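Text of the file model.txt, holding compact mmCIF, C-alpha atoms:
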# COMPACT_ATOMS: atom_id res chain seq x y z
CA MET A 1 -49.05 28.24 -45.02
CA SER A 2 -50.17 24.83 -46.26
CA ASP A 3 -49.37 21.66 -44.43
CA ASP A 4 -47.20 20.52 -47.36
CA THR A 5 -44.92 23.57 -47.16
CA PRO A 6 -41.60 22.59 -45.50
CA SER A 7 -41.07 24.36 -42.20
CA PRO A 8 -37.78 26.23 -41.69
CA LEU A 9 -37.42 24.21 -38.48
CA ASN A 10 -36.98 21.07 -40.58
CA ASN A 11 -33.87 22.52 -42.17
CA VAL A 12 -31.92 22.92 -38.92
CA ILE A 13 -28.29 21.99 -39.52
CA THR A 14 -27.04 19.01 -37.48
CA ILE A 15 -23.94 19.98 -35.48
CA ASP A 16 -21.17 17.42 -35.08
CA ASP A 17 -20.08 18.07 -31.49
CA GLU A 18 -17.11 15.73 -31.72
CA ARG A 19 -15.66 17.48 -34.79
CA ILE A 20 -16.12 20.89 -33.20
CA LYS A 21 -14.49 19.73 -29.97
CA SER A 22 -11.58 18.22 -31.93
CA HIS A 23 -11.14 21.44 -33.88
CA LEU A 24 -11.20 23.57 -30.74
CA ASP A 25 -8.66 21.26 -29.09
CA ARG A 26 -6.32 21.72 -32.08
CA VAL A 27 -6.76 25.48 -31.95
CA VAL A 28 -6.10 25.64 -28.22
CA ARG A 29 -3.16 23.27 -28.48
CA GLY A 30 -1.68 25.32 -31.33
CA THR A 31 -2.09 28.53 -29.32
CA VAL A 32 -0.45 26.99 -26.24
CA GLU A 33 2.43 25.67 -28.34
CA GLU A 34 2.92 29.01 -30.10
CA THR A 35 2.83 30.95 -26.82
CA LEU A 36 5.30 28.69 -25.04
CA ASN A 37 7.77 28.74 -27.94
CA ALA A 38 7.50 32.55 -28.07
CA LEU A 39 8.33 32.67 -24.36
CA LEU A 40 11.33 30.39 -24.91
CA ASN A 41 12.64 32.61 -27.69
CA ALA A 42 12.18 35.71 -25.55
CA GLU A 43 14.11 34.02 -22.75
CA ALA A 44 16.93 33.16 -25.16
CA ASP A 45 17.03 36.78 -26.32
CA ARG A 46 17.33 37.90 -22.72
CA LEU A 47 20.24 35.53 -22.05
CA CYS A 48 21.98 36.67 -25.25
CA ASN A 49 21.14 40.31 -24.47
CA ALA A 50 20.14 40.67 -28.14
CA GLN A 51 17.43 39.51 -30.49
CA ARG A 52 18.05 36.81 -33.09
CA TYR A 53 20.36 38.04 -35.92
CA GLU A 54 20.84 41.37 -34.15
CA ARG A 55 24.37 42.72 -34.29
CA SER A 56 25.19 44.54 -31.10
CA GLU A 57 28.24 45.17 -28.94
CA ALA A 58 26.16 44.30 -25.89
CA ARG A 59 25.47 40.76 -27.20
CA ARG A 60 26.71 38.13 -24.71
CA ASP A 61 26.01 34.94 -26.65
CA THR A 62 24.73 33.56 -29.95
CA ARG A 63 22.19 30.89 -30.92
CA ALA A 64 23.25 27.38 -31.86
CA GLY A 65 19.98 25.98 -33.17
CA HIS A 66 17.39 24.24 -31.00
CA TYR A 67 16.12 20.85 -29.88
CA GLU A 68 12.57 19.63 -29.48
CA ARG A 69 10.90 18.15 -26.46
CA GLY A 70 7.33 17.17 -25.70
CA LEU A 71 5.20 18.72 -23.00
CA GLN A 72 1.91 17.25 -21.81
CA THR A 73 -0.79 19.85 -21.19
CA LYS A 74 -4.53 19.69 -20.63
CA ALA A 75 -4.90 20.61 -24.30
CA GLY A 76 -2.76 17.63 -25.31
CA GLU A 77 0.91 17.22 -26.21
CA VAL A 78 2.74 20.25 -27.58
CA ARG A 79 6.24 20.40 -29.07
CA LEU A 80 8.66 22.87 -27.52
CA ARG A 81 11.55 24.21 -29.61
CA VAL A 82 14.11 24.79 -26.89
CA PRO A 83 16.92 27.15 -28.01
CA LYS A 84 20.57 26.15 -27.62
CA LEU A 85 23.30 28.72 -26.94
CA ARG A 86 26.97 28.49 -27.84
CA GLN A 87 28.56 29.75 -24.61
CA GLN A 88 26.08 29.04 -21.84
CA THR A 89 23.48 26.49 -20.89
CA PHE A 90 19.97 27.58 -21.72
CA GLU A 91 18.00 27.66 -18.48
CA THR A 92 14.48 28.96 -18.22
CA ALA A 93 11.76 29.22 -15.64
CA ILE A 94 9.39 27.65 -18.18
CA ILE A 95 11.39 24.41 -18.25
CA GLU A 96 11.78 24.51 -14.48
CA ARG A 97 8.01 24.77 -14.15
CA TYR A 98 7.70 21.85 -16.54
CA ARG A 99 10.08 19.81 -14.42
CA ARG A 100 8.18 20.53 -11.23
CA ARG A 101 4.94 19.65 -12.94
CA GLU A 102 6.43 16.44 -14.28
CA SER A 103 7.57 15.55 -10.77
CA SER A 104 4.11 16.18 -9.35
CA VAL A 105 2.55 14.07 -12.10
CA GLU A 106 4.98 11.24 -11.34
CA GLU A 107 4.14 11.45 -7.65
CA ALA A 108 0.44 11.35 -8.47
CA LEU A 109 0.92 8.27 -10.65
CA ILE A 110 2.92 6.51 -7.95
CA GLU A 111 0.38 7.35 -5.26
CA MET A 112 -2.49 6.11 -7.44
CA TYR A 113 -0.66 2.84 -8.09
CA LEU A 114 0.24 2.25 -4.45
CA ALA A 115 -3.21 3.25 -3.25
CA GLY A 116 -4.71 0.32 -5.12
CA VAL A 117 -5.55 1.76 -8.54
CA SER A 118 -4.85 -0.83 -11.23
CA VAL A 119 -2.38 -0.05 -14.03
CA ARG A 120 -5.22 -0.07 -16.59
CA ARG A 121 -7.16 2.42 -14.48
CA VAL A 122 -4.06 4.62 -14.15
CA GLU A 123 -3.85 4.67 -17.97
CA ASP A 124 -7.48 5.75 -18.21
CA ILE A 125 -7.03 8.51 -15.62
CA THR A 126 -3.94 9.95 -17.30
CA GLU A 127 -5.70 9.96 -20.67
CA ALA A 128 -8.63 11.85 -19.15
CA LEU A 129 -6.38 14.40 -17.42
CA TRP A 130 -3.58 14.97 -19.93
CA GLY A 131 -4.84 13.57 -23.21
CA THR A 132 -2.29 10.72 -23.45
CA ARG A 133 -2.09 7.27 -21.89
CA VAL A 134 0.76 6.29 -19.60
CA SER A 135 1.96 2.80 -20.47
CA PRO A 136 2.37 0.02 -17.88
CA SER A 137 6.14 0.11 -18.44
CA THR A 138 6.17 3.82 -17.56
CA VAL A 139 4.30 3.17 -14.32
CA SER A 140 6.77 0.38 -13.54
CA GLU A 141 9.74 2.69 -14.15
CA LEU A 142 8.21 5.37 -11.94
CA ASN A 143 7.71 2.91 -9.10
CA LYS A 144 11.36 1.84 -9.27
CA LYS A 145 12.24 5.39 -8.20
CA ILE A 146 10.67 4.87 -4.79
CA TYR A 147 11.91 1.36 -4.11
CA GLY A 148 15.09 2.76 -2.55
CA THR A 149 12.97 4.87 -0.21
CA ILE A 150 10.81 1.87 0.60
CA GLU A 151 13.86 -0.25 1.41
CA ALA A 152 15.16 2.47 3.73
CA TRP A 153 11.74 2.64 5.42
CA ARG A 154 11.65 -1.14 5.76
CA ASN A 155 15.00 -1.11 7.58
CA ARG A 156 14.48 2.05 9.64
CA PRO A 157 15.29 1.93 13.38
CA ILE A 158 12.39 1.02 15.66
CA GLU A 159 12.15 3.62 18.40
CA GLY A 160 10.57 3.28 21.82
CA GLU A 161 9.03 0.23 23.42
CA HIS A 162 6.19 -1.86 21.97
CA PRO A 163 4.49 -3.97 24.67
CA TYR A 164 2.09 -5.61 22.20
CA VAL A 165 3.28 -7.10 18.91
CA TYR A 166 1.08 -8.77 16.29
CA LEU A 167 2.65 -11.24 13.84
CA ASP A 168 1.22 -12.93 10.77
CA GLY A 169 2.16 -14.06 7.30
CA MET A 170 0.60 -13.99 3.87
CA VAL A 171 1.22 -15.96 0.69
CA LEU A 172 1.47 -14.39 -2.78
CA LYS A 173 2.13 -15.98 -6.15
CA ARG A 174 5.29 -15.64 -8.21
CA SER A 175 6.38 -17.00 -11.58
CA TRP A 176 9.34 -19.34 -11.53
CA ALA A 177 10.68 -21.11 -14.66
CA GLY A 178 7.25 -21.12 -16.23
CA GLU A 179 5.55 -22.29 -13.04
CA VAL A 180 3.60 -20.35 -10.44
CA ARG A 181 4.93 -20.84 -6.92
CA ASN A 182 4.24 -19.36 -3.50
CA VAL A 183 6.22 -16.63 -1.79
CA SER A 184 5.62 -15.89 1.89
CA LEU A 185 5.70 -12.41 3.38
CA LEU A 186 5.96 -11.99 7.16
CA VAL A 187 4.44 -8.85 8.70
CA ALA A 188 4.60 -7.29 12.18
CA ILE A 189 2.72 -4.40 13.77
CA GLY A 190 3.08 -3.19 17.34
CA VAL A 191 1.36 -1.00 19.92
CA ASN A 192 3.67 1.62 21.39
CA GLU A 193 3.68 3.02 24.92
CA SER A 194 1.23 5.75 23.90
CA GLY A 195 -1.26 3.12 22.77
CA TYR A 196 -0.98 3.69 19.01
CA ARG A 197 -0.44 0.93 16.49
CA GLU A 198 2.63 1.12 14.26
CA ILE A 199 3.76 -0.98 11.33
CA LEU A 200 7.05 -2.50 12.46
CA GLY A 201 8.26 -4.46 9.46
CA ILE A 202 7.80 -6.84 6.57
CA CYS A 203 10.22 -9.43 5.19
CA GLU A 204 10.19 -12.23 2.68
CA GLY A 205 10.33 -15.74 4.07
CA ALA A 206 10.91 -18.90 2.06
CA LYS A 207 7.91 -20.23 3.94
CA GLU A 208 6.21 -19.68 7.27
CA ASP A 209 8.41 -22.01 9.33
CA LYS A 210 10.76 -21.66 12.29
CA SER A 211 13.74 -20.53 10.23
CA GLY A 212 11.64 -17.85 8.48
CA TRP A 213 10.19 -16.52 11.71
CA SER A 214 13.57 -16.59 13.44
CA ALA A 215 15.13 -14.51 10.66
CA PHE A 216 12.24 -12.04 10.79
CA LEU A 217 12.30 -11.65 14.57
CA LYS A 218 16.07 -11.24 14.49
CA HIS A 219 15.62 -8.50 11.89
CA LEU A 220 13.11 -6.70 14.14
CA LYS A 221 15.29 -7.02 17.23
CA GLU A 222 18.40 -5.75 15.44
CA ARG A 223 16.42 -2.69 14.35
CA GLY A 224 15.60 -1.91 17.97
CA LEU A 225 12.35 -3.69 18.84
CA LYS A 226 12.20 -3.91 22.63
CA GLY A 227 9.83 -3.86 25.58
CA VAL A 228 7.74 -6.67 24.08
CA ARG A 229 5.46 -8.22 26.68
CA LEU A 230 2.85 -10.00 24.59
CA ILE A 231 3.05 -11.47 21.08
CA ILE A 232 -0.28 -12.15 19.36
CA SER A 233 -0.41 -14.53 16.41
CA ASP A 234 -1.88 -17.66 14.94
CA ALA A 235 -0.24 -21.00 15.74
CA CYS A 236 2.15 -20.77 12.77
CA ILE A 237 4.80 -23.46 12.55
CA GLY A 238 7.81 -22.48 14.65
CA LEU A 239 6.53 -19.01 15.53
CA ALA A 240 6.04 -19.56 19.27
CA GLU A 241 9.46 -21.22 19.56
CA SER A 242 11.17 -18.39 17.67
CA ALA A 243 9.38 -15.76 19.76
CA ALA A 244 10.55 -17.44 22.97
CA GLU A 245 14.12 -17.45 21.63
CA PHE A 246 14.33 -13.74 20.73
CA PHE A 247 11.89 -12.27 23.25
CA PRO A 248 11.98 -14.68 26.22
CA GLU A 249 10.21 -12.26 28.57
CA ALA A 250 7.17 -11.93 26.28
CA ALA A 251 4.07 -14.07 26.67
CA TRP A 252 2.41 -15.60 23.60
CA GLN A 253 -1.30 -15.15 22.88
CA ARG A 254 -2.81 -17.48 20.31
CA CYS A 255 -5.46 -15.74 18.21
CA VAL A 256 -8.81 -17.03 19.49
CA VAL A 257 -10.52 -16.53 16.10
CA HIS A 258 -8.02 -18.80 14.33
CA TRP A 259 -8.33 -21.27 17.20
CA TYR A 260 -12.12 -21.35 16.79
CA ARG A 261 -11.73 -22.04 13.07
CA ASN A 262 -9.35 -24.92 13.73
CA ILE A 263 -11.92 -26.53 16.01
CA PHE A 264 -14.82 -25.89 13.61
CA SER A 265 -13.02 -27.96 10.98
CA HIS A 266 -13.67 -31.01 13.22
CA VAL A 267 -17.30 -30.17 13.92
CA PRO A 268 -20.38 -30.98 11.75
CA SER A 269 -21.75 -27.89 10.02
CA THR A 270 -25.05 -28.32 11.86
CA LYS A 271 -23.22 -27.97 15.19
CA VAL A 272 -20.95 -25.02 14.38
CA ARG A 273 -23.28 -22.34 15.79
CA GLU A 274 -23.73 -24.24 19.06
CA ILE A 275 -20.00 -24.96 19.47
CA ALA A 276 -19.14 -21.33 18.64
CA ALA A 277 -21.33 -20.10 21.48
CA MET A 278 -19.65 -22.56 23.87
CA LEU A 279 -16.13 -21.48 22.89
CA LYS A 280 -16.93 -17.77 23.05
CA ALA A 281 -18.27 -18.27 26.56
CA ILE A 282 -14.76 -19.30 27.66
CA HIS A 283 -13.32 -15.94 26.59
CA ALA A 284 -16.25 -14.00 27.98
CA SER A 285 -15.34 -15.03 31.55
CA GLU A 286 -14.53 -12.35 34.12
CA ASP A 287 -11.05 -13.70 34.89
CA ILE A 288 -8.64 -16.48 33.95
CA ALA A 289 -9.78 -18.81 36.73
CA ALA A 290 -13.39 -18.64 35.54
CA ALA A 291 -12.22 -19.14 31.94
CA ARG A 292 -10.38 -22.33 32.91
CA GLU A 293 -13.42 -23.66 34.74
CA LYS A 294 -15.61 -22.89 31.76
CA ALA A 295 -13.14 -24.66 29.44
CA ILE A 296 -13.39 -27.83 31.55
CA ARG A 297 -17.18 -27.81 31.22
CA VAL A 298 -16.94 -27.21 27.47
CA ILE A 299 -14.59 -30.17 27.09
CA GLU A 300 -16.99 -32.41 28.97
CA LYS A 301 -19.91 -31.23 26.85
CA LEU A 302 -18.00 -31.82 23.62
CA ARG A 303 -17.25 -35.38 24.66
CA GLY A 304 -20.91 -35.84 25.55
CA LEU A 305 -21.74 -34.77 21.98
CA ARG A 306 -19.23 -37.36 20.70
CA LEU A 307 -16.97 -34.64 19.31
CA SER A 308 -13.85 -36.20 20.75
CA ARG A 309 -11.39 -34.55 18.34
CA ALA A 310 -12.77 -31.09 19.08
CA ALA A 311 -12.58 -31.86 22.82
CA GLU A 312 -8.92 -32.88 22.45
CA LEU A 313 -8.08 -29.64 20.63
CA VAL A 314 -9.73 -27.52 23.32
CA GLU A 315 -7.99 -29.43 26.10
CA ALA A 316 -4.59 -29.25 24.42
CA ALA A 317 -4.54 -25.58 23.42
CA VAL A 318 -7.06 -23.56 25.43
CA GLU A 319 -4.32 -22.30 27.77
CA GLU A 320 -2.55 -20.72 24.79
CA THR A 321 -5.62 -18.52 24.20
CA LEU A 322 -5.82 -17.17 27.78
CA ALA A 323 -2.57 -15.20 28.04
CA TYR A 324 -4.38 -11.88 27.55
CA TYR A 325 -6.09 -12.23 30.95
CA THR A 326 -2.89 -11.07 32.71
CA PHE A 327 -3.08 -7.66 30.99
CA PRO A 328 -5.42 -4.70 31.59
CA GLU A 329 -9.07 -5.64 31.13
CA GLU A 330 -9.74 -2.69 28.81
CA HIS A 331 -7.22 -4.21 26.36
CA TRP A 332 -8.61 -7.76 26.32
CA ARG A 333 -10.88 -7.39 23.31
CA ARG A 334 -8.02 -6.07 21.12
CA ILE A 335 -5.20 -8.35 22.20
CA ARG A 336 -6.90 -11.74 22.17
CA THR A 337 -7.17 -11.84 18.36
CA ASN A 338 -4.96 -10.96 15.42
CA ASN A 339 -7.73 -8.88 13.81
CA PRO A 340 -5.81 -5.56 13.77
CA LEU A 341 -3.14 -7.12 11.56
CA GLU A 342 -5.63 -9.17 9.54
CA ARG A 343 -7.34 -5.97 8.41
CA ILE A 344 -4.03 -4.60 7.13
CA LEU A 345 -3.25 -7.86 5.31
CA ARG A 346 -6.63 -7.67 3.59
CA GLU A 347 -5.64 -4.24 2.27
CA ILE A 348 -2.39 -5.66 0.90
CA ARG A 349 -4.21 -8.59 -0.73
CA ARG A 350 -6.68 -6.19 -2.32
CA ARG A 351 -3.78 -4.33 -3.91
CA THR A 352 -1.75 -7.38 -4.94
CA ARG A 353 -4.76 -9.24 -6.34
CA VAL A 354 -4.75 -7.06 -9.46
CA VAL A 355 -1.14 -8.10 -10.17
CA GLY A 356 -1.68 -11.85 -10.13
CA ALA A 357 1.71 -13.61 -10.20
CA PHE A 358 4.83 -11.54 -9.51
CA PRO A 359 8.04 -12.07 -11.51
CA ASP A 360 9.99 -12.75 -8.29
CA GLY A 361 9.80 -12.56 -4.53
CA GLN A 362 11.49 -9.15 -4.39
CA SER A 363 8.78 -7.61 -6.57
CA ALA A 364 6.10 -9.00 -4.27
CA LEU A 365 7.95 -7.67 -1.22
CA ASN A 366 8.41 -4.23 -2.81
CA LEU A 367 4.75 -3.75 -3.64
CA ALA A 368 3.52 -5.12 -0.29
CA ALA A 369 5.99 -2.92 1.60
CA ALA A 370 5.01 0.09 -0.50
CA ARG A 371 1.37 -0.55 0.30
CA LEU A 372 2.19 -0.84 4.01
CA ARG A 373 4.11 2.43 3.86
CA HIS A 374 1.15 4.07 2.14
CA ILE A 375 -1.21 2.79 4.85
CA ALA A 376 1.17 3.99 7.58
CA GLY A 377 1.29 7.45 6.02
CA THR A 378 -2.43 7.92 5.41
CA VAL A 379 -4.24 6.04 8.17
CA LYS A 380 -3.97 7.08 11.80
CA ASP A 381 -4.63 4.05 13.94
CA GLN A 382 -7.03 4.20 16.83
CA GLN A 383 -5.46 4.53 20.23
CA MET A 384 -5.82 1.69 22.68
CA ARG A 385 -7.52 3.02 25.79
CA GLY A 386 -5.81 2.78 29.15
CA ALA A 387 -2.23 2.60 30.27
CA ILE A 388 -0.21 -0.37 29.05
CA THR A 389 0.79 -1.87 32.36
CA ALA A 390 0.69 -5.31 33.84
Rewrite the structure from the file as C-alpha cells, please.
Amino acid sequence: MSDDTPSPLNNVITIDDERIKSHLDRVVRGTVEETLNALLNAEADRLCNAQRYERSEARRDTRAGHYERGLQTKAGEVRLRVPKLRQQTFETAIIERYRRRESSVEEALIEMYLAGVSVRRVEDITEALWGTRVSPSTVSELNKKIYGTIEAWRNRPIEGEHPYVYLDGMVLKRSWAGEVRNVSLLVAIGVNESGYREILGICEGAKEDKSGWSAFLKHLKERGLKGVRLIISDACIGLAESAAEFFPEAAWQRCVVHWYRNIFSHVPSTKVREIAAMLKAIHASEDIAAAREKAIRVIEKLRGLRLSRAAELVEAAVEETLAYYTFPEEHWRRIRTNNPLERILREIRRRTRVVGAFPDGQSALNLAAARLRHIAGTVKDQQMRGAITA
C-alpha cells in the first residue's frame, strides 16, 4: 500500500457524545413516563374492578378523565396522567411514593440551605441530581415550612440547671426604606450539670443595650433558666447590670480576650507583643491572690512605659476578669473567655454572609435561629471535665 493511499483509520466517524447522551436521556425518560402511566391506569382498573370501556356487572366505578402532574426523576421531568374516578377518590401507592420522595427532597433542600449552602449552590445541586433547577423563591417557600418549628424550639422550656452561661451579641444588616441598617441578635449558651454545652436561646434586640439584655434575660428566666452561678461575656453596655437584676446570685466574668483587645487599642503596635505577655501572666497565676499581686506589678510597669491609659484600664477592670478563680481549677481555661460562644457566632456569620442584607429583623432572626438549631442537632459539644461545684 502506497503512502498516498488513505488509511481506513482516517475515516473513523466522530461520535457526538452529547447528542447520544441527550438521545438516551429522552429514551429513558419516555420509558419511565410510559411505565408510570401504565401503572396508574392499572391501578384505576383495579379500583373500578374493570378495564376501561369494559361493561361488567362487577364494575364499581367509571372513569372521569384525567389530570396531569409533573414528577421529577433522575431521568428528568415526566408527565403523569392521573386518572379521575366518578364515585371515589383515586389513591395510589405510586402517588404516595411520589409524595414521600417529594418530602425527602424538600428536607434535603432545607438541610442544605441551613447547613450553609448558598441558594445558587442549591440550584446547581438540584440540577445535577434531578435535571431541573430549584428557584430561590422555591427554597424560600420551603424554609417557611420550618419557621414554626424553629419558633417553637426558640421558646422551648429550659430544663435542669446551668451553672455557667455565656452571653454575646452579633450585628447583621437589614434593608429599611431603601437604607441598610443594623439588627442585633442576642445569643446565650450554657453548661448543664453534666458538663455539656447547650444552646439556650436567641432573640432580636433593637441594640445591645441594657433594655435589650434585660428583655433577653427575662425571656431566658421565664423559660426556666436557673442554677446560674457564673455569667461569661464581654463588657457589653448594660449587660452586667441586667445580669445582676435577673440572676443576683451569679458572678460575672468579663472575657479576658476582649479585655486584652480593649487595652491593645491604647498601646503602640510595637509594644503589643510585650504587653500581651504581661497581661497573660496575670491570668496564668496559681490563685486569685497571686493574680492580684501580678496585676499591681503590671500596672506599675505600664506606667513606667508611659502607657498611662492602658494602666488605668487594667487598674479599673482587672477584678472583673478574675471571677473564674473561685470555680474549679480544671474549668478555668474554658470559663475565663467567651470563646465557646464566639465559635458558634462565627458559624452563624458564615451562613448569613451569603445573604447580605435581610428584608427585616425577623428574617435575620429566623435564619440565625435555624442555623443554631442545625448546630445543636448535628454537633455534640465537648464535655467540661470535673464536677461543677464551688
Spatial neighbours of Tyr147 of chain A, 12 Å, all atoms listed in the file, chain gap at least 6 places, as a list in words: Ile110, Leu114, Ser140, Glu141, Trp153, Arg154, Gln362, Ser363, Ala364, Leu365, Asn366, Leu367, Ala368, Ala369, Ala370, Arg371 and Arg373 of chain A
Grab the residues selected above and save them as a PDB file, in the coordinates of the input with C-alpha atoms.
ATOM      1  CA  ILE A 110       2.920   6.510  -7.950  1.00  0.00           C
ATOM      2  CA  LEU A 114       0.240   2.250  -4.450  1.00  0.00           C
ATOM      3  CA  SER A 140       6.770   0.380 -13.540  1.00  0.00           C
ATOM      4  CA  GLU A 141       9.740   2.690 -14.150  1.00  0.00           C
ATOM      5  CA  TRP A 153      11.740   2.640   5.420  1.00  0.00           C
ATOM      6  CA  ARG A 154      11.650  -1.140   5.760  1.00  0.00           C
ATOM      7  CA  GLN A 362      11.490  -9.150  -4.390  1.00  0.00           C
ATOM      8  CA  SER A 363       8.780  -7.610  -6.570  1.00  0.00           C
ATOM      9  CA  ALA A 364       6.100  -9.000  -4.270  1.00  0.00           C
ATOM     10  CA  LEU A 365       7.950  -7.670  -1.220  1.00  0.00           C
ATOM     11  CA  ASN A 366       8.410  -4.230  -2.810  1.00  0.00           C
ATOM     12  CA  LEU A 367       4.750  -3.750  -3.640  1.00  0.00           C
ATOM     13  CA  ALA A 368       3.520  -5.120  -0.290  1.00  0.00           C
ATOM     14  CA  ALA A 369       5.990  -2.920   1.600  1.00  0.00           C
ATOM     15  CA  ALA A 370       5.010   0.090  -0.500  1.00  0.00           C
ATOM     16  CA  ARG A 371       1.370  -0.550   0.300  1.00  0.00           C
ATOM     17  CA  ARG A 373       4.110   2.430   3.860  1.00  0.00           C
TER      18      ARG A 373
END
For Arg197 of chain A, the nearest of the candidates A:Glu91, A:Glu312, A:Asp287, A:Glu161, counting all atoms listed in the file: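 Smallest separation from Arg197 of chain A among the options: A:Glu161.
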Separation of atom CA of Pro83 of chain A from atom CA of Leu40 of chain A, in Å and rounded to one decimal: 7.2 Å
Between atom CA of Ile202 of chain A and atom CA of Gly224 of chain A - distance in Å to one decimal: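 Distance between the two atoms: 14.7 Å.
Atom pair atom CA of Glu320 of chain A / atom CA of Asn182 of chain A has a distance of 29.1 Å (rounded to one decimal).
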From A:Gly227, A:Pro340, A:Gly70, A:Gly148, residue lying nearest Pro163 of chain A [only C-alpha atoms]: A:Gly227
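Each of A:Gly30, A:Gly195, A:Gly201, A:Gly238 was checked against Ile158 of chain A using all atoms listed in the file; the smallest atom-to-atom distance is that of A:Gly201.
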Residue among A:His162, A:Lys173, A:Arg223, A:Arg52 lying closest to Ser194 of chain A, counting only C-alpha atoms: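 Counting only C-alpha atoms, the residue closest to Ser194 of chain A is A:His162.
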Point (13.8, -8.1, 9.6) neighbourhood (9 Å, all atoms listed in the file) written as a list of chain:residue names: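 Every polymer residue passing the test: A:Arg154, A:Asn155, A:Gly201, A:Ile202, A:Cys203, A:Glu204, A:Ala215, A:Phe216, A:Leu217, A:Lys218, A:His219, A:Leu220, A:Lys221, A:Glu222, A:Arg223.
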Take the residues from that selection and put them in a file with C-alpha atoms, as a compact mmCIF listing (two decimals), keeping the file's coordinate frame.
# COMPACT_ATOMS: atom_id res chain seq x y z
CA ARG A 154 11.65 -1.14 5.76
CA ASN A 155 15.00 -1.11 7.58
CA GLY A 201 8.26 -4.46 9.46
CA ILE A 202 7.80 -6.84 6.57
CA CYS A 203 10.22 -9.43 5.19
CA GLU A 204 10.19 -12.23 2.68
CA ALA A 215 15.13 -14.51 10.66
CA PHE A 216 12.24 -12.04 10.79
CA LEU A 217 12.30 -11.65 14.57
CA LYS A 218 16.07 -11.24 14.49
CA HIS A 219 15.62 -8.50 11.89
CA LEU A 220 13.11 -6.70 14.14
CA LYS A 221 15.29 -7.02 17.23
CA GLU A 222 18.40 -5.75 15.44
CA ARG A 223 16.42 -2.69 14.35
For Val256 of chain A: contacts at 8 Å, all atoms listed in the file, fewer than 2 positions along chain excluded, given as a PyMOL selection string: chain A and resi 254+258-260+321+336-337
Can I get the selection written as a CSV table (one decimal), keeping the file's coordinate frame, with C-alpha atoms?
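Below is the file that was written, selection18.csv:
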chain,number,residue,atom,x,y,z
A,254,ARG,CA,-2.8,-17.5,20.3
A,258,HIS,CA,-8.0,-18.8,14.3
A,259,TRP,CA,-8.3,-21.3,17.2
A,260,TYR,CA,-12.1,-21.4,16.8
A,321,THR,CA,-5.6,-18.5,24.2
A,336,ARG,CA,-6.9,-11.7,22.2
A,337,THR,CA,-7.2,-11.8,18.4
Among listed residues A:Leu172, A:Ala357, A:Cys255, A:Leu341, nearest Glu198 of chain A (using all atoms listed in the file):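 Looking only at the distances to Glu198 of chain A, the closest residue turns out to be A:Leu341.
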Contacts of Ile344 of chain A at 12 Å (only C-alpha atoms; same-chain gap of 6+ positions) as a list in words: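 So, after excluding close chain neighbours, the residues are Tyr166, Leu167, Asp168, Gly169, Met170, Val187, Ala188, Ile189, Arg197, Glu198, Ile199, Asn338, Arg350, Arg351, Ala368, Ala369, Arg371, Leu372, Arg373, His374, Ile375, Ala376, Val379 and Asp381 of chain A.
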Point (2.1, -3.8, 21.5), cut-off 6 Å, counting only C-alpha atoms, residues as a PyMOL selection string: chain A and resi 162-165+190-192
For Ser175 of chain A: contacts at 10 Å, all atoms listed in the file, fewer than 4 positions along chain excluded, given as an MDAnalysis selection string: chainID A and resid 179:183 356:361
Spatial neighbours of Tyr324 of chain A, 8 Å, all atoms listed in the file, chain gap at least 5 places, as a short mmCIF file (atom, residue, chain, number, x, y, z; two decimals) with C-alpha atoms, in the coordinates of the input:
data_model
loop_
_atom_site.label_atom_id
_atom_site.label_comp_id
_atom_site.auth_asym_id
_atom_site.auth_seq_id
_atom_site.Cartn_x
_atom_site.Cartn_y
_atom_site.Cartn_z
CA GLN A 253 -1.30 -15.15 22.88
CA TRP A 332 -8.61 -7.76 26.32
CA ILE A 335 -5.20 -8.35 22.20
CA ARG A 336 -6.90 -11.74 22.17
#
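With distances taken over all atoms listed in the file, A:His266 is the one residue among A:Arg343, A:His266, A:Arg174, A:Arg59 lying closest to Arg309 of chain A.
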Coordinates of box centre and edge lengths for segment 30-48 of chain A, 5 Å on every side, axis-aligned, as AutoDock Vina command-line options:
--center_x 9.9 --center_y 31.6 --center_z -26.7 --size_x 34.1 --size_y 22.6 --size_z 19.3
